[in-house]
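Enquirer: Below is query.txt; it holds compact mmCIF, C-alpha atoms and all ligand atoms.
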```txt
# COMPACT_ATOMS: atom_id res chain seq x y z
CA MET A 15 16.71 8.49 25.24
CA ALA A 16 15.19 10.21 22.22
CA ILE A 17 13.51 7.11 20.81
CA THR A 18 12.64 3.83 22.48
CA ILE A 19 11.49 1.00 20.25
CA GLU A 20 9.84 -1.99 21.93
CA ASN A 21 9.06 -5.27 20.21
CA LEU A 22 8.24 -3.60 16.94
CA SER A 23 6.98 -5.87 14.16
CA LEU A 24 5.69 -4.77 10.78
CA TRP A 25 3.92 -6.45 7.87
CA TYR A 26 3.35 -5.23 4.32
CA GLY A 27 0.11 -7.12 3.66
CA PRO A 28 0.91 -10.76 4.42
CA LYS A 29 4.67 -10.19 4.21
CA GLN A 30 6.54 -9.57 7.43
CA ALA A 31 9.36 -7.01 7.20
CA LEU A 32 10.33 -6.41 10.87
CA THR A 33 10.32 -8.87 13.76
CA ASN A 34 10.39 -7.82 17.41
CA VAL A 35 12.86 -4.99 17.08
CA SER A 36 13.76 -3.33 20.39
CA MET A 37 16.32 -0.57 20.74
CA LYS A 38 16.95 2.70 22.53
CA ILE A 39 18.29 5.55 20.43
CA PRO A 40 20.10 8.30 22.36
CA ALA A 41 19.57 12.01 21.76
CA ARG A 42 22.26 14.09 20.02
CA LYS A 43 24.14 11.13 18.63
CA VAL A 44 24.39 9.65 15.16
CA THR A 45 22.92 6.15 15.04
CA ALA A 46 23.51 4.10 11.89
CA LEU A 47 21.33 1.22 10.67
CA ILE A 48 23.33 -1.21 8.56
CA GLY A 49 22.70 -4.63 7.03
CA PRO A 50 22.21 -6.39 3.69
CA SER A 51 19.70 -5.19 1.14
CA GLY A 52 16.10 -5.94 2.10
CA CYS A 53 16.78 -6.54 5.82
CA GLY A 54 14.31 -3.81 6.84
CA LYS A 55 16.53 -0.78 7.53
CA SER A 56 14.40 1.70 5.60
CA THR A 57 11.23 0.16 6.97
CA LEU A 58 12.47 0.65 10.54
CA LEU A 59 13.58 4.22 9.78
CA ARG A 60 10.19 5.07 8.29
CA CYS A 61 8.44 3.75 11.41
CA ILE A 62 10.20 6.42 13.47
CA ASN A 63 8.28 9.30 11.85
CA ARG A 64 5.21 7.30 10.90
CA MET A 65 5.90 7.38 7.19
CA ASN A 66 4.69 3.78 6.90
CA ASP A 67 1.21 4.93 7.87
CA LEU A 68 0.93 6.32 4.38
CA ILE A 69 0.95 2.74 3.02
CA PRO A 70 -2.56 1.27 3.41
CA THR A 71 -1.51 -2.42 3.69
CA VAL A 72 0.94 -1.84 6.54
CA ARG A 73 0.23 -3.41 9.94
CA ILE A 74 2.38 -2.54 12.94
CA GLN A 75 2.68 -4.22 16.34
CA GLY A 76 4.71 -3.06 19.33
CA SER A 77 5.54 0.43 20.58
CA LEU A 78 7.70 3.32 19.61
CA TYR A 79 8.25 6.08 22.13
CA TYR A 80 9.59 9.55 21.38
CA HIS A 81 10.70 11.20 24.63
CA GLY A 82 8.34 8.86 26.45
CA VAL A 83 5.29 9.46 24.23
CA ASN A 84 3.96 6.50 22.24
CA LEU A 85 3.97 7.74 18.64
CA TYR A 86 1.40 5.11 17.73
CA GLY A 87 -0.95 6.17 20.52
CA PRO A 88 -4.50 7.32 19.75
CA ASP A 89 -4.05 11.10 20.12
CA ILE A 90 -0.93 11.50 18.04
CA ASP A 91 -1.03 13.67 14.93
CA PRO A 92 1.31 12.11 12.32
CA VAL A 93 1.82 15.52 10.67
CA GLU A 94 3.22 16.94 13.92
CA VAL A 95 5.35 13.79 14.31
CA ARG A 96 6.87 14.43 10.88
CA ARG A 97 7.60 18.05 11.74
CA ARG A 98 9.54 17.07 14.85
CA ILE A 99 11.13 14.06 13.20
CA GLY A 100 12.25 15.24 9.78
CA MET A 101 13.50 13.12 6.93
CA VAL A 102 16.04 13.32 4.13
CA PHE A 103 15.79 10.80 1.30
CA GLN A 104 18.18 8.81 -0.84
CA LYS A 105 17.67 10.88 -3.95
CA PRO A 106 17.78 14.63 -3.34
CA ASN A 107 14.22 15.84 -3.91
CA PRO A 108 14.04 19.65 -3.89
CA PHE A 109 10.71 21.11 -4.96
CA PRO A 110 10.71 22.75 -8.42
CA LYS A 111 10.89 26.13 -6.69
CA SER A 112 13.56 28.65 -5.81
CA ILE A 113 16.20 27.87 -3.19
CA TYR A 114 14.52 30.36 -0.87
CA ASP A 115 11.04 28.90 -1.37
CA ASN A 116 12.31 25.37 -0.79
CA VAL A 117 13.62 26.30 2.64
CA ALA A 118 10.65 28.55 3.48
CA PHE A 119 8.09 25.95 2.40
CA GLY A 120 7.29 24.28 5.73
CA ALA A 121 7.27 27.56 7.63
CA ARG A 122 4.77 29.06 5.18
CA VAL A 123 2.51 26.00 5.32
CA ASN A 124 2.56 26.15 9.11
CA GLY A 125 1.80 29.89 9.24
CA PHE A 126 5.21 30.88 10.65
CA LYS A 127 4.99 34.38 12.15
CA GLY A 128 8.69 35.13 12.66
CA ASN A 129 11.30 36.56 10.31
CA LEU A 130 11.29 34.28 7.28
CA ASP A 131 14.48 35.70 5.72
CA GLN A 132 16.29 34.98 8.95
CA LEU A 133 14.93 31.44 9.16
CA VAL A 134 16.01 30.73 5.57
CA GLU A 135 19.49 32.13 6.13
CA GLN A 136 19.99 30.28 9.41
CA SER A 137 18.80 27.00 7.94
CA LEU A 138 21.05 27.33 4.89
CA ARG A 139 23.98 28.22 7.13
CA ARG A 140 23.38 25.21 9.34
CA ALA A 141 23.23 23.01 6.26
CA ALA A 142 26.60 24.43 5.13
CA LEU A 143 25.07 25.78 1.91
CA TRP A 144 24.66 29.52 2.59
CA GLU A 145 28.01 30.69 1.21
CA GLU A 146 27.39 28.85 -2.05
CA VAL A 147 23.87 30.16 -2.67
CA LYS A 148 23.47 33.47 -0.82
CA ASP A 149 23.67 35.53 -4.04
CA ASN A 150 21.28 33.25 -5.93
CA LEU A 151 18.40 32.55 -3.60
CA LYS A 152 15.91 32.97 -6.46
CA LYS A 153 17.58 30.28 -8.55
CA SER A 154 15.72 26.98 -8.86
CA GLY A 155 16.69 24.33 -6.31
CA LEU A 156 16.84 21.90 -9.21
CA ALA A 157 19.68 23.88 -10.81
CA LEU A 158 22.07 22.96 -7.98
CA SER A 159 24.53 20.04 -8.03
CA GLY A 160 23.43 16.76 -6.44
CA GLY A 161 25.40 17.41 -3.26
CA GLN A 162 24.05 20.95 -3.01
CA GLN A 163 20.52 19.67 -3.59
CA GLN A 164 20.95 17.22 -0.73
CA ARG A 165 22.19 20.01 1.55
CA LEU A 166 19.19 22.09 0.41
CA CYS A 167 16.92 19.21 1.47
CA ILE A 168 18.71 19.16 4.83
CA ALA A 169 18.17 22.94 5.13
CA ARG A 170 14.49 22.44 4.29
CA ALA A 171 14.24 19.81 7.04
CA ILE A 172 16.08 22.03 9.54
CA ALA A 173 13.78 25.01 8.81
CA ASN A 174 10.89 23.01 10.32
CA GLN A 175 12.83 23.07 13.60
CA PRO A 176 12.90 19.31 14.09
CA ASP A 177 14.48 17.47 16.97
CA VAL A 178 15.37 14.30 15.09
CA ILE A 179 16.58 14.01 11.48
CA LEU A 180 16.19 10.67 9.70
CA MET A 181 18.44 10.10 6.70
CA ASP A 182 17.79 7.23 4.32
CA GLU A 183 21.04 6.60 2.43
CA PRO A 184 21.55 10.34 1.98
CA CYS A 185 24.82 9.96 0.06
CA SER A 186 24.09 7.04 -2.24
CA ALA A 187 23.45 9.33 -5.23
CA LEU A 188 26.48 11.55 -4.54
CA ASP A 189 30.15 11.55 -5.55
CA PRO A 190 32.86 11.01 -2.89
CA ILE A 191 33.53 14.71 -2.31
CA ALA A 192 29.85 15.60 -1.91
CA THR A 193 29.54 12.54 0.36
CA LEU A 194 32.33 13.74 2.65
CA LYS A 195 30.67 17.16 2.87
CA ILE A 196 27.41 15.59 4.02
CA GLU A 197 29.30 13.41 6.51
CA ASP A 198 31.08 16.49 7.95
CA LEU A 199 27.72 18.21 8.11
CA MET A 200 26.23 15.30 10.07
CA ARG A 201 29.00 15.56 12.67
CA GLU A 202 28.23 19.28 12.96
CA LEU A 203 24.44 18.85 13.14
CA VAL A 204 24.61 16.16 15.79
CA LYS A 205 25.55 18.83 18.32
CA ASP A 206 21.92 19.95 18.13
CA TYR A 207 19.95 17.10 16.58
CA THR A 208 19.48 13.38 16.97
CA ILE A 209 20.45 11.78 13.66
CA ILE A 210 19.50 8.31 12.48
CA ILE A 211 20.97 7.19 9.19
CA VAL A 212 20.45 4.15 6.99
CA THR A 213 23.56 3.32 5.03
CA HIS A 214 24.81 0.54 2.79
CA ASN A 215 28.28 1.78 3.30
CA MET A 216 30.01 0.31 6.33
CA GLN A 217 32.92 2.75 6.09
CA GLN A 218 30.42 5.56 6.26
CA ALA A 219 28.77 4.07 9.34
CA ALA A 220 32.20 3.71 10.94
CA ARG A 221 33.12 7.29 10.07
CA VAL A 222 29.99 9.16 11.10
CA SER A 223 28.05 7.19 13.66
CA ASP A 224 28.33 6.95 17.43
CA TYR A 225 26.12 3.85 17.59
CA THR A 226 25.49 1.17 14.99
CA ALA A 227 22.64 -1.31 14.66
CA PHE A 228 23.15 -4.38 12.46
CA MET A 229 19.96 -5.83 10.98
CA LEU A 230 19.44 -9.08 9.11
CA THR A 231 16.85 -11.21 7.39
CA ASP A 232 17.75 -14.90 7.46
CA GLU A 233 15.90 -18.20 7.01
CA GLN A 234 14.52 -18.03 10.53
CA VAL A 235 13.65 -14.40 11.14
CA THR A 236 12.73 -11.48 8.86
CA GLY A 237 13.97 -8.00 9.71
CA GLN A 238 15.65 -8.66 13.04
CA LEU A 239 18.06 -6.55 15.01
CA VAL A 240 21.13 -8.74 15.49
CA GLU A 241 23.44 -6.42 17.34
CA TYR A 242 23.45 -2.84 18.49
CA GLY A 243 26.08 -0.88 20.34
CA PRO A 244 28.81 1.77 20.22
CA THR A 245 30.12 1.88 16.64
CA GLU A 246 33.72 1.24 17.57
CA GLU A 247 32.84 -1.86 19.58
CA LEU A 248 30.53 -3.25 16.94
CA PHE A 249 33.20 -2.92 14.27
CA THR A 250 36.17 -4.09 16.32
CA THR A 251 34.72 -6.65 18.72
CA PRO A 252 31.33 -7.77 17.43
CA LYS A 253 29.52 -10.09 19.82
CA ASP A 254 27.51 -12.02 17.24
CA ARG A 255 29.07 -14.27 14.59
CA ARG A 256 26.65 -12.91 11.98
CA THR A 257 27.78 -9.33 12.65
CA GLU A 258 31.38 -10.41 12.32
CA ASP A 259 30.67 -12.19 9.04
CA TYR A 260 28.90 -9.15 7.65
CA ILE A 261 31.43 -6.51 8.63
CA SER A 262 34.32 -8.65 7.40
CA GLY A 263 32.57 -8.92 4.02
CA ARG A 264 31.71 -12.62 4.16
CA PHE A 265 28.16 -11.94 2.98
CA GLY A 266 25.81 -9.13 1.89
N1 LIG B 1 5.91 -0.51 0.27
C1 LIG B 1 6.24 -1.80 0.37
N2 LIG B 1 5.34 -2.77 0.06
C2 LIG B 1 5.65 -4.08 0.18
N3 LIG B 1 6.85 -4.55 0.59
C3 LIG B 1 7.79 -3.64 0.90
C4 LIG B 1 7.54 -2.23 0.82
N4 LIG B 1 8.67 -1.57 1.19
C5 LIG B 1 9.57 -2.54 1.51
N5 LIG B 1 9.05 -3.77 1.34
C6 LIG B 1 9.73 -5.06 1.60
O1 LIG B 1 10.15 -5.10 2.95
C7 LIG B 1 11.44 -5.68 3.08
C8 LIG B 1 12.37 -4.69 3.76
O2 LIG B 1 12.59 -3.59 2.88
P1 LIG B 1 13.43 -2.30 3.28
O3 LIG B 1 13.38 -1.36 2.13
O4 LIG B 1 13.00 -1.84 4.60
O5 LIG B 1 14.88 -2.93 3.42
P2 LIG B 1 16.30 -2.24 3.40
O6 LIG B 1 17.13 -2.97 4.36
O7 LIG B 1 16.15 -0.77 3.60
O8 LIG B 1 16.78 -2.53 1.93
P3 LIG B 1 17.70 -1.65 0.96
O9 LIG B 1 19.01 -1.55 1.64
O10 LIG B 1 17.76 -2.49 -0.28
O11 LIG B 1 17.00 -0.35 0.76
C9 LIG B 1 11.86 -6.07 1.68
O12 LIG B 1 11.57 -7.41 1.48
C10 LIG B 1 11.01 -5.18 0.79
O13 LIG B 1 10.77 -5.80 -0.45
```
Can you present the structure in this file as structure tokens?
Expert:
Amino acid sequence: MAITIENLSLWYGPKQALTNVSMKIPARKVTALIGPSGCGKSTLLRCINRMNDLIPTVRIQGSLYYHGVNLYGPDIDPVEVRRRIGMVFQKPNPFPKSIYDNVAFGARVNGFKGNLDQLVEQSLRRAALWEEVKDNLKKSGLALSGGQQQRLCIARAIANQPDVILMDEPCSALDPIATLKIEDLMRELVKDYTIIIVTHNMQQAARVSDYTAFMLTDEQVTGQLVEYGPTEELFTTPKDRRTEDYISGRFG
């Protein structure tokens, strides 16, 4: 298992957002988190690389293990956690720098001693962007199309040599063609990385993920994990009535 989550609960100030979530996320698979708006998907995703630590009012209970190490243990450096567990956001967010400098950024900050040109090329190739930008590496990252910008952000994440890539609705700002390109890319990247994706789009979860987790906030419990299993099973033979209602479009 890449990630093991045990009884994780989270509060934003007095407001609870996750309740006793437990799940095991396998390495080198795509795991999708689905569920209605506000059910805690992004919150759970952000727990995995300790992004919620940046919010002062957040309180977390429970454990989250990454290859057996408790990421919330006392000796853990959140900066190192975020290098190993990279993240791609909903809205592509390249730095206002050249394509090259975007990809080289993390390596430079970390005092990378190897061949930077090679790292940039490899990362852009892996993000399926190299052919489109190789003659324009000095061009601003912001001058690319939305889909290219998102692949640039994926290249920037890959250049940090992560093990896990978290993606928070990576296609929601993209057109259908750019979306399919990112989905193809995910299937390619999963050969080498563990990918966890939050998506609103059930078809997308069905297309790209190996495992799916359905989350829900209802009158009784905030931010609960209702059902989790192989994607095909969850979509064809859900075990919980609430999963069935959601995937058949009866609510959310
Ligand atoms: N920084 C924050 N401060 C306070 N409350 C927050 C914060 N971020 C999220 N919340 C609340 O926590 C709950 C879960 O939000 P979260 O964004 O994790 O849900 P989600 O399932 O990802 O929703 P969506 O699909 O709409 O993005 C919501 O009620 C939200 O308002």
Enquirer: Determine, counting only C-alpha atoms, which protein, DNA and RNA residues have an atom within 9 Å of an atom of A:Ser186; residues of the same chain fewer than 6 positions away are not included. Present the result as an MDAnalysis selection string.
Expert: chainID A and resid 104:105 193 213:215
Enquirer: Give me the residues of chain A that have any atom at most 6 Å from an atom of ligand LIG 1 (chain B); for each, the nearest atom pair and the distance in Å, rounded to one decimal. Use all atoms listed in the file, sort by chain and number, and format it as a Markdown table.
Expert:
```
| residue | atom | partner | partner_atom | distance |
| --- | --- | --- | --- | --- |
| A:Tyr26 | CA | B:LIG1 | C2 | 4.9 |
| A:Ala31 | CA | B:LIG1 | O1 | 4.7 |
| A:Ser51 | CA | B:LIG1 | O10 | 3.6 |
| A:Gly52 | CA | B:LIG1 | O8 | 3.5 |
| A:Cys53 | CA | B:LIG1 | O6 | 3.9 |
| A:Gly54 | CA | B:LIG1 | O4 | 3.3 |
| A:Lys55 | CA | B:LIG1 | O6 | 3.9 |
| A:Ser56 | CA | B:LIG1 | O7 | 3.6 |
| A:Thr57 | CA | B:LIG1 | O4 | 3.6 |
```
Enquirer: May I have the residues within 6 Å of A:Ala169 as a PyMOL selection string, using all atoms listed in the file and disregarding those fewer than 5 positions away in the same chain?
Expert: chain A and resi 137-138+141
Enquirer: Mind pulling up the distance from atom CA of A:Leu166 to atom CA of A:Gln217?
Expert: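 These atoms are spaced 24.4 Å apart.
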Enquirer: Could you give me, as a CSV table (one decimal) with C-alpha atoms, in the coordinates of the input, the residues within 12 Å of A:Thr231, counting only C-alpha atoms and dropping anything in the same chain fewer than 4 positions from it?
Expert:
```csv
chain,number,residue,atom,x,y,z
A,30,GLN,CA,6.5,-9.6,7.4
A,31,ALA,CA,9.4,-7.0,7.2
A,32,LEU,CA,10.3,-6.4,10.9
A,33,THR,CA,10.3,-8.9,13.8
A,48,ILE,CA,23.3,-1.2,8.6
A,49,GLY,CA,22.7,-4.6,7.0
A,50,PRO,CA,22.2,-6.4,3.7
A,51,SER,CA,19.7,-5.2,1.1
A,52,GLY,CA,16.1,-5.9,2.1
A,53,CYS,CA,16.8,-6.5,5.8
A,54,GLY,CA,14.3,-3.8,6.8
A,55,LYS,CA,16.5,-0.8,7.5
A,235,VAL,CA,13.6,-14.4,11.1
A,236,THR,CA,12.7,-11.5,8.9
A,237,GLY,CA,14.0,-8.0,9.7
A,238,GLN,CA,15.6,-8.7,13.0
A,239,LEU,CA,18.1,-6.6,15.0
A,240,VAL,CA,21.1,-8.7,15.5
A,256,ARG,CA,26.6,-12.9,12.0
A,266,GLY,CA,25.8,-9.1,1.9
```
Enquirer: Considering only C-alpha atoms, state which residue in the set A:Ile209, A:Val83, A:Ala219, A:Val95 is at the smallest distance from A:Asp67.
Expert: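 Smallest separation from A:Asp67 among the options: A:Val95.
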Enquirer: Atoms are missing here; could stretch 106-129 of chain A be completed with N, CA and C atoms and written as a compact mmCIF listing (two decimals), keeping the file's coordinate frame?
Expert:
```
# COMPACT_ATOMS: atom_id res chain seq x y z
N PRO A 106 18.18 13.28 -3.71
CA PRO A 106 17.78 14.63 -3.34
C PRO A 106 16.48 15.01 -4.05
N ASN A 107 15.53 15.55 -3.32
CA ASN A 107 14.22 15.84 -3.91
C ASN A 107 13.74 17.26 -3.62
N PRO A 108 14.53 18.28 -4.07
CA PRO A 108 14.04 19.65 -3.89
C PRO A 108 12.74 19.84 -4.66
N PHE A 109 11.91 20.77 -4.19
CA PHE A 109 10.71 21.11 -4.96
C PHE A 109 11.16 21.93 -6.18
N PRO A 110 10.37 21.91 -7.25
CA PRO A 110 10.71 22.75 -8.42
C PRO A 110 10.39 24.21 -8.14
N LYS A 111 11.09 24.75 -7.16
CA LYS A 111 10.89 26.13 -6.69
C LYS A 111 12.26 26.72 -6.45
N SER A 112 12.28 28.01 -6.09
CA SER A 112 13.56 28.65 -5.81
C SER A 112 14.19 28.06 -4.55
N ILE A 113 15.48 28.32 -4.39
CA ILE A 113 16.20 27.87 -3.19
C ILE A 113 15.49 28.41 -1.95
N TYR A 114 15.20 29.71 -2.00
CA TYR A 114 14.52 30.36 -0.87
C TYR A 114 13.19 29.67 -0.57
N ASP A 115 12.38 29.48 -1.59
CA ASP A 115 11.04 28.90 -1.37
C ASP A 115 11.11 27.45 -0.89
N ASN A 116 12.15 26.73 -1.31
CA ASN A 116 12.31 25.37 -0.79
C ASN A 116 12.46 25.38 0.72
N VAL A 117 13.34 26.28 1.20
CA VAL A 117 13.62 26.30 2.64
C VAL A 117 12.44 26.89 3.42
N ALA A 118 11.76 27.87 2.80
CA ALA A 118 10.65 28.55 3.48
C ALA A 118 9.36 27.74 3.46
N PHE A 119 9.34 26.66 2.68
CA PHE A 119 8.09 25.95 2.40
C PHE A 119 7.31 25.54 3.67
N GLY A 120 7.98 24.80 4.54
CA GLY A 120 7.29 24.28 5.73
C GLY A 120 6.79 25.40 6.62
N ALA A 121 7.64 26.43 6.78
CA ALA A 121 7.27 27.56 7.63
C ALA A 121 6.01 28.23 7.10
N ARG A 122 5.95 28.42 5.78
CA ARG A 122 4.77 29.06 5.18
C ARG A 122 3.53 28.20 5.38
N VAL A 123 3.65 26.91 5.15
CA VAL A 123 2.51 26.00 5.32
C VAL A 123 2.00 26.06 6.76
N ASN A 124 2.95 26.17 7.70
CA ASN A 124 2.56 26.15 9.11
C ASN A 124 2.23 27.54 9.66
N GLY A 125 2.16 28.55 8.80
CA GLY A 125 1.80 29.89 9.24
C GLY A 125 2.83 30.53 10.16
N PHE A 126 4.11 30.31 9.86
CA PHE A 126 5.21 30.88 10.65
C PHE A 126 5.09 32.40 10.74
N LYS A 127 5.20 32.94 11.95
CA LYS A 127 4.99 34.38 12.15
C LYS A 127 6.29 35.16 12.28
N GLY A 128 7.41 34.44 12.41
CA GLY A 128 8.69 35.13 12.66
C GLY A 128 9.29 35.71 11.39
N ASN A 129 10.58 35.97 11.45
CA ASN A 129 11.30 36.56 10.31
C ASN A 129 11.74 35.44 9.36
```
